[in-house]
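So this block is model-v1.cif, mmCIF, C-alpha atoms and all ligand atoms:
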data_structure
loop_
_atom_site.label_atom_id
_atom_site.label_comp_id
_atom_site.auth_asym_id
_atom_site.auth_seq_id
_atom_site.Cartn_x
_atom_site.Cartn_y
_atom_site.Cartn_z
CA MET A 233 117.97 66.42 7.88
CA LYS A 234 117.70 67.57 11.41
CA LYS A 235 119.14 71.03 11.80
CA ILE A 236 117.56 72.53 8.72
CA LEU A 237 114.13 71.57 9.98
CA VAL A 238 114.54 73.77 13.00
CA PRO A 239 112.45 76.68 11.67
CA LEU A 240 109.60 74.27 11.03
CA ILE A 241 109.28 73.62 14.72
CA LEU A 242 107.31 76.81 14.94
CA ALA A 243 104.68 75.03 12.90
CA SER A 244 102.15 72.86 14.65
CA LEU A 245 103.62 69.72 16.16
CA SER A 246 100.99 67.64 14.42
CA VAL A 247 102.69 68.38 11.12
CA LEU A 248 105.81 66.59 12.22
CA PRO A 249 104.97 63.16 13.68
CA SER A 250 106.44 61.26 10.75
CA LEU A 251 109.83 62.84 11.40
CA ALA A 252 109.81 61.67 14.98
CA ALA A 253 108.60 58.23 14.00
CA ALA A 254 111.32 57.91 11.39
CA SER A 255 114.10 57.95 13.97
CA SER A 256 114.84 55.18 16.41
CA SER A 257 115.09 55.27 20.18
CA SER A 258 117.44 52.29 20.45
CA TYR A 259 120.95 53.22 21.54
CA ALA A 260 122.65 51.03 18.90
CA GLN A 261 120.50 52.40 16.10
CA LEU A 262 120.99 55.97 17.29
CA LEU A 263 124.74 55.47 17.11
CA GLU A 264 124.39 53.92 13.68
CA GLN A 265 122.53 57.04 12.53
CA ILE A 266 125.25 59.20 14.01
CA SER A 267 127.94 57.30 12.15
CA ALA A 268 126.09 57.39 8.81
CA PRO A 269 126.92 60.14 6.31
CA PRO A 270 124.63 63.17 6.63
CA PRO A 271 121.55 63.00 4.40
CA ALA A 272 121.59 65.11 1.27
CA ALA A 273 119.62 68.27 1.76
CA PRO A 274 119.80 71.77 0.37
CA ALA A 275 122.07 74.02 2.37
CA PRO A 276 120.11 76.63 4.29
CA ALA A 277 120.31 80.11 2.88
CA PRO A 278 122.75 82.18 4.91
CA LYS A 279 120.90 84.94 6.68
CA ALA A 280 122.12 88.02 8.42
CA VAL A 281 122.39 87.45 12.14
CA PRO A 282 120.16 89.90 14.01
CA GLY A 283 121.84 91.74 16.82
CA GLN A 284 125.50 91.46 17.54
CA ARG A 285 126.11 87.75 18.00
CA ALA A 286 128.78 86.00 15.91
CA ASP A 287 129.71 89.13 14.00
CA GLY A 288 131.40 91.86 16.00
CA ARG A 289 132.86 89.37 18.44
CA TYR A 290 136.37 88.03 18.72
CA TRP A 291 138.16 84.84 19.63
CA VAL A 292 140.73 86.17 22.09
CA THR A 293 143.77 84.63 23.75
CA ILE A 294 145.03 86.28 26.92
CA ALA A 295 147.99 85.66 29.23
CA ALA A 296 146.56 84.55 32.57
CA PRO A 297 149.18 82.40 34.31
CA ASP A 298 147.50 82.20 37.72
CA LYS A 299 144.06 81.55 39.14
CA ARG A 300 143.64 85.13 40.39
CA SER A 301 144.10 86.60 36.92
CA ARG A 302 141.73 84.02 35.39
CA THR A 303 139.07 84.74 38.01
CA ARG A 304 139.41 88.47 37.37
CA LEU A 305 138.86 87.94 33.64
CA LEU A 306 135.56 86.19 34.38
CA GLU A 307 134.52 89.15 36.51
CA GLU A 308 135.28 91.48 33.62
CA GLY A 309 132.75 89.43 31.65
CA PHE A 310 135.21 87.33 29.65
CA ASP A 311 134.01 83.74 29.29
CA ILE A 312 137.05 81.48 29.56
CA VAL A 313 136.46 78.73 27.04
CA VAL A 314 139.89 77.12 27.04
CA VAL A 315 142.72 77.10 29.55
CA SER A 316 145.94 76.10 27.81
CA LYS A 317 147.60 72.85 28.87
CA ASP A 318 150.47 74.71 30.52
CA ARG A 319 147.85 76.94 32.23
CA ARG A 320 149.62 80.13 31.16
CA THR A 321 147.02 81.42 28.68
CA VAL A 322 143.25 81.35 28.26
CA SER A 323 141.05 81.78 25.19
CA GLY A 324 137.43 82.76 24.81
CA ILE A 325 134.94 85.10 23.23
CA ALA A 326 134.74 88.87 23.68
CA ASP A 327 132.83 91.63 21.91
CA LYS A 328 134.59 94.81 20.81
CA ALA A 329 133.62 96.78 23.93
CA LEU A 330 134.96 94.08 26.23
CA LEU A 331 138.12 93.68 24.17
CA ASP A 332 138.73 97.44 24.41
CA ARG A 333 138.05 97.39 28.12
CA LEU A 334 140.43 94.50 28.70
CA SER A 335 143.12 96.18 26.62
CA SER A 336 142.74 99.39 28.67
CA ARG A 337 143.22 97.47 31.93
CA ALA A 338 146.71 96.24 31.16
CA VAL A 339 145.43 92.75 30.41
CA SER A 340 147.88 91.02 28.12
CA VAL A 341 145.83 90.19 25.02
CA LEU A 342 148.03 87.88 22.95
CA SER A 343 145.75 87.55 19.94
CA SER A 344 142.24 88.41 18.79
CA ARG A 345 140.50 87.25 15.68
CA PRO A 346 136.96 88.07 14.51
CA LEU A 347 134.66 85.20 15.32
CA ALA A 348 132.97 85.61 11.95
CA ASP A 349 136.27 84.55 10.30
CA TYR A 350 136.55 81.60 12.60
CA SER A 351 132.94 80.64 12.03
CA SER A 352 133.02 80.83 8.25
CA GLY A 353 136.47 79.31 7.97
CA VAL A 354 136.09 76.41 10.34
CA SER A 355 132.43 75.81 10.92
CA ARG A 356 130.66 76.62 7.68
CA ASP A 357 129.68 73.03 7.05
CA PHE A 358 128.77 72.10 10.59
CA PRO A 359 125.06 72.73 10.71
CA GLN A 360 124.26 70.32 7.89
CA ALA A 361 127.06 67.94 8.81
CA ASP A 362 125.82 68.01 12.39
CA ALA A 363 122.29 66.95 11.51
CA VAL A 364 122.58 63.95 13.84
CA TYR A 365 122.67 66.24 16.87
CA HIS A 366 119.26 66.49 18.51
CA ASN A 367 117.50 69.84 18.54
CA TYR A 368 114.77 70.61 21.07
CA GLN A 369 111.94 68.88 19.24
CA GLU A 370 114.04 65.80 18.49
CA THR A 371 115.23 65.62 22.09
CA THR A 372 111.63 65.88 23.28
CA ASP A 373 110.46 63.24 20.79
CA LEU A 374 113.17 60.80 21.81
CA LEU A 375 112.41 61.19 25.52
CA ARG A 376 108.73 60.57 24.79
CA GLN A 377 109.52 57.51 22.66
CA LEU A 378 111.68 56.05 25.40
CA ALA A 379 108.90 56.52 27.96
CA ALA A 380 106.26 55.17 25.57
CA LYS A 381 108.29 52.00 24.95
CA ASN A 382 109.04 51.50 28.65
CA PRO A 383 105.88 52.66 30.41
CA ASP A 384 106.43 50.37 33.40
CA ILE A 385 109.65 52.14 34.41
CA ALA A 386 109.82 55.50 32.62
CA SER A 387 107.81 58.69 32.35
CA VAL A 388 108.34 62.20 30.98
CA PHE A 389 107.29 65.40 32.70
CA SER A 390 108.09 69.10 32.49
CA ILE A 391 109.93 70.69 35.40
CA GLY A 392 108.77 74.14 34.25
CA LYS A 393 108.90 76.69 31.48
CA THR A 394 111.65 78.79 29.97
CA VAL A 395 111.67 82.53 29.27
CA GLN A 396 110.12 81.82 25.86
CA GLY A 397 107.62 79.32 27.22
CA ARG A 398 109.27 76.03 26.25
CA ASP A 399 108.97 73.10 28.61
CA ILE A 400 112.11 71.73 30.22
CA TRP A 401 111.58 67.98 29.91
CA CYS A 402 112.69 65.33 32.34
CA LEU A 403 112.76 61.57 31.78
CA ARG A 404 112.26 59.77 35.06
CA VAL A 405 113.21 56.13 35.55
CA ASN A 406 111.44 54.77 38.60
CA THR A 407 109.55 51.48 38.96
CA SER A 408 106.93 52.84 41.37
CA VAL A 409 106.42 56.57 40.75
CA LYS A 410 105.57 58.35 37.51
CA GLY A 411 105.79 62.04 36.71
CA ASN A 412 106.83 64.58 39.31
CA GLY A 413 105.66 62.81 42.50
CA PRO A 414 107.88 62.15 45.51
CA SER A 415 109.88 58.96 46.02
CA ASP A 416 111.93 57.60 48.92
CA LYS A 417 114.41 55.83 46.68
CA PRO A 418 117.90 57.37 46.44
CA GLY A 419 117.95 59.74 43.47
CA ALA A 420 120.52 60.35 40.72
CA PHE A 421 120.03 63.39 38.51
CA PHE A 422 121.73 63.91 35.14
CA MET A 423 121.37 67.32 33.50
CA GLY A 424 122.75 68.65 30.23
CA ASN A 425 123.04 71.73 28.08
CA ILE A 426 122.46 74.50 30.64
CA HIS A 427 124.87 76.36 28.36
CA ALA A 428 123.30 76.68 24.92
CA ARG A 429 126.23 76.17 22.54
CA GLU A 430 127.47 73.04 24.37
CA HIS A 431 125.44 70.66 22.22
CA LEU A 432 127.43 67.55 23.08
CA ALA A 433 126.10 68.09 26.62
CA ASP A 434 122.60 67.25 25.34
CA GLU A 435 123.71 64.15 23.43
CA VAL A 436 125.42 62.48 26.40
CA PRO A 437 122.50 62.40 28.89
CA LEU A 438 119.97 61.86 26.08
CA LEU A 439 121.80 58.84 24.66
CA PHE A 440 122.51 57.61 28.18
CA ALA A 441 118.73 57.50 28.66
CA SER A 442 118.42 55.39 25.52
CA TRP A 443 121.29 53.13 26.65
CA LEU A 444 119.61 52.61 30.04
CA MET A 445 116.35 51.53 28.41
CA ASP A 446 118.20 49.14 26.04
CA HIS A 447 120.06 47.58 28.99
CA ARG A 448 117.18 47.55 31.44
CA ASN A 449 117.31 43.77 31.75
CA ASP A 450 121.04 43.48 32.40
CA PRO A 451 121.23 42.32 36.03
CA GLU A 452 123.32 45.27 37.23
CA ILE A 453 121.20 47.90 35.44
CA LYS A 454 117.97 46.19 36.44
CA ASN A 455 119.05 46.46 40.05
CA TYR A 456 119.71 50.22 39.74
CA ILE A 457 116.42 50.78 37.94
CA SER A 458 114.43 48.93 40.58
CA THR A 459 116.14 50.53 43.60
CA LEU A 460 116.92 54.10 42.45
CA ASP A 461 115.05 57.20 41.28
CA ILE A 462 116.82 58.34 38.10
CA PHE A 463 116.15 61.75 36.53
CA ILE A 464 117.52 62.83 33.15
CA ILE A 465 117.08 66.40 31.83
CA PRO A 466 119.20 66.47 28.67
CA MET A 467 118.39 70.04 27.64
CA ALA A 468 118.08 72.50 30.51
CA ASN A 469 118.30 75.63 28.33
CA PRO A 470 116.22 74.90 25.21
CA ASP A 471 115.62 78.56 24.31
CA GLY A 472 119.35 79.17 24.11
CA VAL A 473 119.92 75.97 22.13
CA GLU A 474 117.26 76.85 19.57
CA TYR A 475 118.69 80.34 19.22
CA ASP A 476 122.19 78.95 18.76
CA ILE A 477 121.10 76.86 15.74
CA LYS A 478 118.23 78.91 14.42
CA ASP A 479 119.61 79.86 11.02
CA GLY A 480 121.50 76.70 10.29
CA GLN A 481 124.53 78.68 11.43
CA TYR A 482 125.96 78.55 14.89
CA GLN A 483 125.68 81.68 17.02
CA TYR A 484 128.21 80.81 19.74
CA PHE A 485 125.41 81.53 22.22
CA ARG A 486 125.80 80.47 25.84
CA LYS A 487 123.04 82.07 27.89
CA ASN A 488 119.24 81.93 28.13
CA MET A 489 116.98 84.28 26.12
CA GLU A 490 116.16 86.82 28.83
CA LYS A 491 115.87 90.36 27.52
CA ASN A 492 118.15 92.42 29.72
CA SER A 493 117.53 95.99 30.88
CA ASP A 494 120.12 97.34 28.42
CA GLY A 495 118.53 95.54 25.44
CA SER A 496 121.08 92.74 25.29
CA PHE A 497 120.01 89.10 25.55
CA GLY A 498 120.76 86.42 28.02
CA VAL A 499 121.73 85.57 31.57
CA ASP A 500 124.37 82.91 32.24
CA LEU A 501 122.17 80.36 34.01
CA ASN A 502 125.23 78.75 35.57
CA ARG A 503 126.07 82.05 37.31
CA ASN A 504 122.47 82.66 38.44
CA PHE A 505 122.23 80.21 41.35
CA ASP A 506 122.31 81.45 44.91
CA SER A 507 125.77 80.27 45.87
CA TRP A 508 128.05 83.25 46.56
CA TRP A 509 125.95 84.85 43.82
CA CYS A 510 127.89 87.17 41.51
CA ARG A 511 130.93 87.49 43.67
CA GLU A 512 134.08 86.14 42.05
CA GLY A 513 134.21 84.94 38.45
CA ALA A 514 130.86 86.35 37.33
CA SER A 515 129.89 89.62 35.69
CA HIS A 516 127.27 92.31 36.32
CA TYR A 517 127.68 93.47 32.70
CA PRO A 518 124.52 92.28 30.87
CA PRO A 519 126.03 91.67 27.40
CA SER A 520 128.81 89.49 28.81
CA ASP A 521 128.81 85.72 28.54
CA THR A 522 129.16 85.36 32.32
CA TYR A 523 126.37 87.82 33.23
CA CYS A 524 124.88 86.67 36.53
CA GLY A 525 121.48 88.35 36.11
CA PRO A 526 119.92 91.12 38.22
CA LYS A 527 119.64 88.85 41.26
CA ALA A 528 120.08 85.20 42.22
CA PHE A 529 117.39 83.02 40.64
CA SER A 530 116.13 85.87 38.48
CA GLU A 531 115.64 83.37 35.62
CA PRO A 532 112.79 80.89 35.16
CA GLU A 533 115.19 78.12 34.06
CA SER A 534 117.38 78.36 37.18
CA ARG A 535 114.27 78.60 39.36
CA ASP A 536 112.82 75.51 37.64
CA ILE A 537 116.01 73.57 38.39
CA ARG A 538 116.09 74.88 41.99
CA ASP A 539 112.45 73.91 42.58
CA PHE A 540 113.04 70.52 40.99
CA PHE A 541 115.90 69.82 43.44
CA LEU A 542 113.81 71.09 46.37
CA ALA A 543 110.87 68.86 45.36
CA HIS A 544 113.14 65.79 45.23
CA LYS A 545 115.16 65.80 48.41
CA ASN A 546 115.96 62.15 47.76
CA ILE A 547 118.51 63.18 45.10
CA LYS A 548 121.94 62.09 46.32
CA THR A 549 124.15 62.38 43.24
CA HIS A 550 124.20 64.72 40.26
CA ILE A 551 126.08 65.46 37.06
CA SER A 552 125.75 68.68 35.08
CA TYR A 553 127.25 68.15 31.62
CA HIS A 554 129.17 70.91 29.86
CA SER A 555 131.72 71.09 27.08
CA TYR A 556 134.60 71.14 26.49
CA ALA A 557 137.63 70.58 28.74
CA SER A 558 137.76 66.83 29.48
CA GLU A 559 137.40 67.38 33.22
CA ILE A 560 135.45 65.97 36.15
CA LEU A 561 134.96 68.83 38.61
CA TYR A 562 133.66 68.72 42.16
CA PRO A 563 132.63 71.50 44.61
CA TYR A 564 133.38 74.13 45.30
CA GLY A 565 133.69 76.17 42.13
CA GLY A 566 132.81 79.47 43.78
CA SER A 567 135.38 79.35 46.54
CA ASP A 568 138.89 78.12 47.19
CA GLU A 569 137.66 76.30 50.27
CA ASP A 570 136.97 72.59 50.31
CA VAL A 571 133.57 71.33 51.36
CA ALA A 572 133.64 71.34 55.16
CA ASP A 573 132.42 67.78 55.77
CA PRO A 574 135.44 65.45 55.44
CA ARG A 575 133.19 62.50 54.65
CA ASP A 576 131.61 64.35 51.74
CA LYS A 577 134.98 65.56 50.55
CA ALA A 578 136.36 62.02 50.53
CA ALA A 579 133.31 60.79 48.58
CA LEU A 580 133.51 63.65 46.06
CA VAL A 581 137.20 63.04 45.42
CA LYS A 582 136.81 59.29 45.18
CA ILE A 583 133.86 59.41 42.80
CA ALA A 584 135.48 62.12 40.65
CA ASP A 585 138.71 60.12 40.44
CA GLN A 586 136.87 56.99 39.39
CA MET A 587 134.82 58.83 36.75
CA ALA A 588 138.07 60.36 35.49
CA LYS A 589 139.55 56.88 35.11
CA LEU A 590 136.49 55.70 33.16
CA THR A 591 136.46 58.70 30.82
CA GLY A 592 140.15 59.53 30.56
CA TYR A 593 139.37 63.03 31.83
CA THR A 594 141.10 64.91 34.65
CA ALA A 595 139.50 65.12 38.11
CA GLU A 596 139.94 68.23 40.20
CA LYS A 597 138.19 70.70 42.44
CA SER A 598 136.09 73.02 40.34
CA SER A 599 137.86 76.15 41.61
CA ALA A 600 141.31 74.78 40.71
CA LEU A 601 141.43 76.62 37.36
CA TYR A 602 139.48 79.73 38.34
CA ILE A 603 136.75 80.73 40.74
CA ALA A 604 133.21 81.03 39.36
CA THR A 605 130.30 81.79 41.68
CA GLY A 606 126.59 81.07 41.27
CA ASP A 607 126.83 77.64 39.67
CA SER A 608 124.24 74.91 40.01
CA CYS A 609 126.50 72.22 41.48
CA ASP A 610 127.77 74.41 44.34
CA TRP A 611 124.19 75.34 45.12
CA ALA A 612 122.97 71.73 45.04
CA TYR A 613 125.74 70.62 47.37
CA ALA A 614 125.39 73.58 49.75
CA THR A 615 121.60 73.26 49.91
CA ASP A 616 121.04 69.52 50.11
CA LYS A 617 124.49 67.96 50.25
CA VAL A 618 123.96 66.50 46.80
CA LEU A 619 127.26 65.06 45.59
CA ALA A 620 127.33 67.18 42.46
CA PHE A 621 129.80 67.00 39.59
CA THR A 622 130.39 69.23 36.61
CA VAL A 623 131.53 67.02 33.74
CA GLU A 624 133.28 69.00 31.04
CA LEU A 625 133.07 66.74 28.00
CA GLU A 626 135.71 66.41 25.34
CA GLY A 627 136.14 67.85 21.85
CA ASP A 628 138.15 70.56 20.17
CA GLY A 629 135.47 73.25 20.29
CA PHE A 630 131.79 73.88 20.91
CA TYR A 631 131.00 72.36 17.53
CA PRO A 632 133.21 69.28 17.26
CA GLY A 633 131.05 67.56 14.65
CA PRO A 634 129.34 64.17 14.78
CA ALA A 635 132.49 62.00 14.87
CA VAL A 636 133.12 62.78 18.54
CA ILE A 637 129.67 61.73 19.76
CA LYS A 638 130.07 57.96 19.90
CA GLY A 639 133.30 57.84 21.89
CA THR A 640 132.16 60.61 24.21
CA VAL A 641 128.87 58.89 24.92
CA ASP A 642 130.46 55.45 25.39
CA ARG A 643 132.97 56.78 27.90
CA ASN A 644 130.41 58.86 29.76
CA VAL A 645 127.87 56.03 29.94
CA LYS A 646 130.47 54.12 31.95
CA ALA A 647 130.94 57.07 34.31
CA ALA A 648 127.17 57.57 34.65
CA VAL A 649 126.62 53.89 35.46
CA TYR A 650 129.39 54.14 38.05
CA LEU A 651 127.58 57.13 39.59
CA LEU A 652 124.42 55.02 39.77
CA SER A 653 126.42 52.33 41.58
CA MET A 654 127.41 54.93 44.20
CA THR A 655 124.03 56.63 44.60
CA ALA A 656 122.47 54.39 47.26
CA ASN A 657 125.58 54.64 49.41
CA PRO A 658 128.04 57.27 48.18
CA TYR A 659 130.24 56.78 51.24
CA GLN A 660 130.98 53.11 50.63
ZN ZN B 1 129.22 75.19 30.17
#
Mind turning the file's structure into structure tokens?
Ligand SMILES: [Zn+2]
Amino acid sequence: MKKILVPLILASLSVLPSLAAASSSSYAQLLEQISAPPPAAPAPAPKAVPGQRADGRYWVTIAAPDKRSRTRLLEEGFDIVVVSKDRRTVSGIADKALLDRLSSRAVSVLSSRPLADYSSGVSRDFPQADAVYHNYQETTDLLRQLAAKNPDIASVFSIGKTVQGRDIWCLRVNTSVKGNGPSDKPGAFFMGNIHAREHLADEVPLLFASWLMDHRNDPEIKNYISTLDIFIIPMANPDGVEYDIKDGQYQYFRKNMEKNSDGSFGVDLNRNFDSWWCREGASHYPPSDTYCGPKAFSEPESRDIRDFFLAHKNIKTHISYHSYASEILYPYGGSDEDVADPRDKAALVKIADQMAKLTGYTAEKSSALYIATGDSCDWAYATDKVLAFTVELEGDGFYPGPAVIKGTVDRNVKAAVYLLSMTANPYQ
């Protein structure tokens, strides 16, 4: 019922209140909905995809047995989606031009398969079967419902607009301050879905918000809520998300919706921050998935996130959710070096290790697999010493279906609560 309503969002919001009201904001009920079979609905008519997205691109596997070769691939504009367990090969998405370029540079391409095949063979049913995933309107509605039901501790505000004019919504949990005002309490900031096609990265912080409200009277949670300043932005790149699902067919779209100088679309927001901007592991080639933009902070979404951090200097801890690698990563990602402050390094490693234990993921320094410059967590640490973690969620692809949501959320709620427990004094 959810995905196929996406085109209707263009209609006036007042047409849709009954849809929002029909769903629940309670964590248990949300999970029940997720576990229920998808509602019967007519399949959306397949439409031609404008531009060059899913068609004309390839799922490519390349030999890249060391970090240097993986970093170089990112610079060529190849988005590494998967690093094999033995770390000898990587797979990801490339268009024909990039594939030709890679082949001409003596890169060892082991296999390439049109993404259209992959999409129609593996994912044809996903949009309807994935109706429980929250699109932009549903995410917004749920955040508003949570704040409306808990007005004494929660509020919703926009941190700014996207390229296409959507608001980036934040749920704030704070017993004394509402909206965007300053607070002296130690802050924890959870952000999801800066990469469009990583939809599980919206579900985790969104359902964590619901879980927090359901458990607000548990003694431990009550203590965090009354002493901390908790920010949750589940969908940091709503334009990209809406584009990725717009036809009831996935577009494998990662970036924002900026129109680039060459006519292509999208800047990789997680390469657009001013931390070693567009040096290693990012691309100046506008059509590429790792395109860093014309300059650091060229994009409204990355500027909104920057300004949000700068307006809330009380933020001490941060998670940016991505999918999918089952990893807990800590700074730096843009350099081989460790963070210089040994106290911070010890805290980063300790917290990452503990979150890895709680999720079953692997903890490591972000640059361990490859170097990627311009990411939000490096910038947040370098600017304000925020202890910032990239959590790569689990799954077997960008579109792992609804079955993976419950376990992923359960595990990551534990890690998020642990991060709250460390926010007032991360060096304990
Ligand atoms: Zn990502």
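Between ligand ZN 1 (chain B) and the residues A:Ser608, A:Thr640, A:Gln369, A:Asn425, the shortest atom-to-atom distance, using all atoms listed in the file, involves A:Asn425.
Relative to atom CA of A:Asp311, atom CA of A:Ser520 is found at 7.8 Å.
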Once you count only C-alpha atoms and all ligand atoms, what closest atom pair and distance in Å to one decimal does each residue of chain A within 6 Å of ligand ZN 1 (chain B) have, with rows by chain and rising residue number, as a tab-separated table?
residue	atom	partner	partner_atom	distance
A:His427	CA	B:ZN1	ZN	4.9
A:His554	CA	B:ZN1	ZN	4.3
A:Ser555	CA	B:ZN1	ZN	5.7
Counting all atoms listed in the file, which of A:Asp399, A:Glu435, A:Asp500, A:Asp570 gets nearest to A:Ala600?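 Nearest candidate to A:Ala600 out of A:Asp399, A:Glu435, A:Asp500, A:Asp570: A:Asp570.
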Each residue of stretch 380-477 of chain A lying at most 10 Å from stretch 528-537 of chain A should get a row with its shortest atom-to-atom pair and the distance in Å to one decimal, counting all atoms listed in the file; could you produce that, ordered by chain and increasing number, as CSV?
residue,atom,partner,partner_atom,distance
A:Ser390,CA,A:Asp536,CA,9.5
A:Ile391,CA,A:Asp536,CA,6.0
A:Gly392,CA,A:Asp536,CA,5.5
A:Lys393,CA,A:Pro532,CA,6.8
A:Thr394,CA,A:Glu533,CA,5.5
A:Val395,CA,A:Pro532,CA,6.2
A:Gln396,CA,A:Pro532,CA,9.7
A:Gly397,CA,A:Pro532,CA,9.6
A:Asp399,CA,A:Glu533,CA,9.7
A:Ile400,CA,A:Glu533,CA,8.1
A:Met423,CA,A:Ile537,CA,9.6
A:Ile426,CA,A:Glu533,CA,8.8
A:Ile465,CA,A:Ile537,CA,9.8
A:Ala468,CA,A:Glu533,CA,7.2
A:Asn469,CA,A:Glu533,CA,7.0
A:Pro470,CA,A:Glu533,CA,9.5
A:Asp471,CA,A:Glu533,CA,9.8
Counting all atoms listed in the file, closest pick from A:Ala620, A:Val405, A:Leu342, A:Ile312 relative to A:Ala604 is A:Ile312
Could you tell me how far atom CA of A:Ala361 lies from atom CA of A:Asp479, in Å and to one decimal? 14.2 Å
Long-range neighbours of stretch 633-637 of chain A as a PyMOL selection string, 7 Å cut-off, all atoms listed in the file, 4 positions minimum in chain: chain A and resi 266+358+362+364+627+641
Coordinates-based distance that separates atom CA of A:Ser343 from atom CA of A:Tyr553 (Å, one decimal):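 Interatomic distance, atom CA of A:Tyr553 to atom CA of A:Ser343: 29.2 Å.
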Counting only C-alpha atoms, figure out which residue out of A:Leu263, A:Leu331, A:Ala514, A:Ala614 gets nearest to A:Trp291.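 Ranking A:Leu263, A:Leu331, A:Ala514, A:Ala614 by distance to A:Trp291, first place goes to A:Leu331.
With all atoms listed in the file as the atoms that count, the residue of A:Ser256, A:Ser344, A:Gln261, A:Thr372 with the shortest distance to A:Asp434 is A:Thr372.
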Can you list, as a ChimeraX atom specification, every protein, DNA or RNA residue that comes within 8 Å of A:Lys597 when you count all atoms listed in the file, leaving out same-chain residues fewer than 2 positions away? /A:561-565,595,599-600
Pick from A:Leu651, A:Leu619, A:Val499, A:Val315, whichever lies nearest to A:Arg575 using only C-alpha atoms: A:Leu619
Nearby residues (only C-alpha atoms) at most 12 Å from A:Tyr659, same-chain spacing under 6 positions excluded, as a PyMOL selection string: chain A and resi 548-549+574-583+619+651+653
With 8 Å as the threshold, what does the neighbourhood of (113.3, 52.2, 39.6) contain in terms of residues, counting all atoms listed in the file? Coordinates are those of the file; answer as a list in words.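 Residues with an atom at most 8 Å from (113.3, 52.2, 39.6): Ile385, Val405, Asn406, Thr407, Ser408, Tyr456, Ile457, Ser458, Thr459, Leu460, Asp461 and Ile462 of chain A.
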Find the residues near A:Gly413: any atom within 10 Å, counting all atoms listed in the file, skip ones fewer than 4 places away on the same chain, and give them as an NGL selection string. :A and (409 or 543-544)
With a cut-off of 10 Å, could you pull out the residues of stretch 343-436 of chain A touching stretch 440-453 of chain A and give me the nearest pair of atoms for each, distance in Å to one decimal, using all atoms listed in the file, ordered by chain and ascending number, as a Markdown table?
| residue | atom | partner | partner_atom | distance |
| --- | --- | --- | --- | --- |
| A:Leu374 | CA | A:Ser442 | CA | 8.4 |
| A:Leu375 | CA | A:Ala441 | CA | 8.0 |
| A:Gln377 | CA | A:Ser442 | CA | 9.6 |
| A:Leu378 | CA | A:Ser442 | CA | 6.8 |
| A:Ala379 | CA | A:Met445 | CA | 9.0 |
| A:Lys381 | CA | A:Met445 | CA | 8.8 |
| A:Asn382 | CA | A:Met445 | CA | 7.3 |
| A:Ile385 | CA | A:Met445 | CA | 9.0 |
| A:Ala386 | CA | A:Met445 | CA | 8.7 |
| A:Leu403 | CA | A:Ala441 | CA | 7.9 |
| A:Arg404 | CA | A:Ala441 | CA | 9.4 |
| A:Val405 | CA | A:Ala441 | CA | 8.9 |
| A:Phe422 | CA | A:Phe440 | CA | 9.4 |
| A:Glu435 | CA | A:Phe440 | CA | 8.2 |
| A:Val436 | CA | A:Phe440 | CA | 5.9 |
I need the residues from that last selection saved to file as a tab-separated table (two decimals), keeping the file's coordinate frame (with C-alpha atoms), if you can.
chain	number	residue	atom	x	y	z
A	374	LEU	CA	113.17	60.80	21.81
A	375	LEU	CA	112.41	61.19	25.52
A	377	GLN	CA	109.52	57.51	22.66
A	378	LEU	CA	111.68	56.05	25.40
A	379	ALA	CA	108.90	56.52	27.96
A	381	LYS	CA	108.29	52.00	24.95
A	382	ASN	CA	109.04	51.50	28.65
A	385	ILE	CA	109.65	52.14	34.41
A	386	ALA	CA	109.82	55.50	32.62
A	403	LEU	CA	112.76	61.57	31.78
A	404	ARG	CA	112.26	59.77	35.06
A	405	VAL	CA	113.21	56.13	35.55
A	422	PHE	CA	121.73	63.91	35.14
A	435	GLU	CA	123.71	64.15	23.43
A	436	VAL	CA	125.42	62.48	26.40
